[in-house]
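Novice: I'd like to ask you about the structure that follows.
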Protein chains: 2
Amino acid sequence: MSTTADPPGVRLCWTGEDRVHDGVRRRRFDVEREGRTVPGLLWTPAGEAAPAPTRLGTAAPGGPTGPSGTPLVLVGHGGSGHKGQDYVASLARRLVRQGIAAAAIDGPVHGDRRAEDEAPPGLVLLEFAQVWADDGEAMTDAMVADWRAALDVLQALPELGASPVGWWGLSLGTILGLPLVAAEPRIEAAVLGLMGLTGPTRERIARDAAAVTCPVLFLLQWDDMLFPRDDALALFDALATPDKRLHAHPGSHGAVPDEGFEASAAFLAARLGGRGTAPR
Amino acid sequence: MSTTADPPGVRLCWTGEDRVHDGVRRRRFDVEREGRTVPGLLWTPAGEAAPAPTRLGTAAPGGPTGPSGTPLVLVGHGGSGHKGQDYVASLARRLVRQGIAAAAIDGPVHGDRRAEDEAPPGLVLLEFAQVWADDGEAMTDAMVADWRAALDVLQALPELGASPVGWWGLSLGTILGLPLVAAEPRIEAAVLGLMGLTGPTRERIARDAAAVTCPVLFLLQWDDMLFPRDDALALFDALATPDKRLHAHPGSHGAVPDEGFEASAAFLAARLGGRGTAPR
């Protein structure tokens with residue numbers, strides 16, 4: 001839990017939670033920057049060199065310092081979920097088995113950013129919707145900065161270093177992740193989707209879509225009632241990168257089939273240099 | 001070139017062309033049924049038992065007679081193309097390397113169904129458009145019957161037998177192939193696309209889409225000017241099977257990227273029991 005101060009950069013603090021299961025190591029961390037604490041999880045192959053249990057990485061923003069190591073995918077969770085929710089953890093473990101590390105942080109008013117231990121999902125969604133409507137631009141900017149700070153400190157870890165970085169985030173993970181993909185040149189490939197050109201930050205998202213230049217896999221649920229099909233197709237259309245593909249599956253917003261996760265992992269592994277398709 | 005008469009069924013006649021290249025055997029055949037001659041090509045693994053060079057298969061319609069063998073994918077070529085055009089042959093060879101046989105026949109007014117050796121593609125398209133407009137239903141019915149006859153005789157071959165059958169056909173290969181997929185219960189998986197709810201047989205296609213029950217991969221080109229995006233999305237929507245997915249890529253009608261062919265082969269291999277992804 002302890003760290004040493006290291007202004008003006010950002011600090012990575014291990015909180016002590018460090019588990020290994022089935023070849024995958026999961027560690028809980030906090031990123032501290034400018035008075036903010038950003039709670040996160042890191043999944044890596046269990047065989048990697050184990051860092052000491054206190055402060056391990058310090059980096060100036062934007063400056064990876066380690067040698068090139070394991071590729072890293074940043075994973076954005078869904079609305080009312082959190083950094084450790086089932087599908088995030090499942091995807092992270094799948095990526096690790098393909099030789100790719102994964103990291104997730106809690107979004108605004110989500111997970112360990114809240115005071116209470118287990119808030120009702122409906123309450124979390126309502127509070128998020130309020131912030132999105134009242135000050136969506138500032139919330140987006142803060143989340144992008146949180147992710148960039150997390151990436152800085154994670155890339156300072158010896159087992160990661162300045163290795164290729166990818167993004168995976170659907171729904172809320174696209175609302176807050178597409179702006180990160182647009183802003184962060186270290187991200188070399190992104191999985192986005194379950195979101196459209198809609199909502200309080202619609203113009204911001206359109207602007208950022210026009211700035212995305214890396215390869216993108218866009219996932220769409222054909223019968224999505226939350227973010228309608230036409231809005232999602234418009235967002236895919238707006239992505240500036242010529243290296244994009246859309247995979248649509250039948251079903252509602254939350255019913256992404258395993259095929260979508262499998263395609264995600266294969267896409268990221270192919271672009272970032274993982275070990276290709278591995279058994280789940 | 002010789003055959004023996006065998007009414008009332010259909011006859012498979014080998015025309016003598018029989019080549020092996022890079023582990024793939026390609027044979028030219030004709031299917032004869034009710035006075036029609038349907039020219040085709042069959043690609044199989046070169047190591048399979050070699051049939052005699054004359055008549056090899058005779059079957060009553062709908063009745064596979066051999067034991068279960070190598071899975072078979074029926075491939076529909078594109079408008080103005082033919083059964084041996086580059087992408088058909090390339091896909092066939094890819095399938096064979098994954099342990100799946102492939103067969104293609106010429107469509108109406110295409111390939112060896114024409115008197116001249118090499119007709120200008122524009123002329124072929126014009127003639128096809130005329131037949132499609134004048135008597136699209138009858139043309140569709142005849143092509144479906146040609147394919148079913150071809151399937152009957154191919155499944156009588158000892159190296160194929162009553163093994164799982166798939167369909168792959170885009171554009172013209174969906175115009176004439178979707179009705180086959182709807183009509184033929186032996187087809188267990190289909191790749192369709194580059195076509196929409198449009199054209200002279202629009203109502204037929206809509207009716208048949210509502211009868212498709214097997215797993216489908218639908219390929220769409222995002223900037224298709226020939227069959228516009230909205231019509232193609234409507235056709236995907238109309239497919240009755242719940243086991244469907246749409247993959248869209250940027251580019252014009254004819255610009256399907258290799259990724260689309262790779263996904264096709266992986267999808268068919270997974271559904272028909274091929275050897276999975278193999279090097280191209």
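Ordering of the structure tokens sets the chain letters (A, B, ...), residue numbers begin anew at 1 in every chain, and ligands are numbered from 1 in the order given.
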Among stretch 134-216 of chain B, which ones does DSSP assign to strand (DSSP E) (computed from the backbone)? Answer as a list in words.
Specialist: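 Answer for stretch 134-216 of chain B restricted to strand (DSSP E) is Val165, Gly166, Trp167, Trp168, Gly169, Ile187, Glu188, Ala189, Ala190, Val191, Leu192, Gly193 and Val216 of chain B.
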Novice: Provide as a list in words the residues of chain B at most 9 Å from chain A, counting only C-alpha atoms.
Specialist: Trp222, Asp237, Pro242, Asp243, Lys244, Arg245, Leu246, His247, Ala248, His249, Pro250 and Gly251 of chain B
Novice: Tell me which protein, DNA and RNA residues are within 10 Å of B:Gly173, counting only C-alpha atoms, leaving out same-chain ones fewer than 4 positions away, and put them as a PyMOL selection string.
Specialist: chain B and resi 75-79+107+167-169+177-178+191-195
Novice: Any chance you could export the current selection's C-alpha atoms as a PDB file, in the first residue's frame?
Specialist:
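Below is the file out-v1.pdb, written as the result:
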ATOM      1  CA  VAL B  75     -18.820 -22.112 -54.460  1.00  0.00           C
ATOM      2  CA  GLY B  76     -20.883 -19.658 -56.496  1.00  0.00           C
ATOM      3  CA  HIS B  77     -18.861 -17.372 -58.775  1.00  0.00           C
ATOM      4  CA  GLY B  78     -19.499 -13.671 -59.365  1.00  0.00           C
ATOM      5  CA  GLY B  79     -21.277 -11.849 -62.174  1.00  0.00           C
ATOM      6  CA  GLY B 107     -23.980 -19.821 -63.750  1.00  0.00           C
ATOM      7  CA  TRP B 167     -22.104 -22.775 -49.430  1.00  0.00           C
ATOM      8  CA  TRP B 168     -19.931 -19.806 -50.352  1.00  0.00           C
ATOM      9  CA  GLY B 169     -21.179 -17.195 -52.820  1.00  0.00           C
ATOM     10  CA  GLY B 177     -27.012 -19.178 -53.946  1.00  0.00           C
ATOM     11  CA  LEU B 178     -29.324 -17.891 -51.228  1.00  0.00           C
ATOM     12  CA  VAL B 191     -21.252 -17.550 -46.562  1.00  0.00           C
ATOM     13  CA  LEU B 192     -23.346 -14.946 -48.379  1.00  0.00           C
ATOM     14  CA  GLY B 193     -23.093 -11.227 -49.092  1.00  0.00           C
ATOM     15  CA  LEU B 194     -22.297  -8.354 -51.464  1.00  0.00           C
ATOM     16  CA  MET B 195     -25.990  -8.325 -52.298  1.00  0.00           C
TER      17      MET B 195
END
Novice: Can you measure atom CA of B:Thr70 to atom CA of B:Glu17 for me? One decimal in Å is fine.
Specialist: 21.3 Å
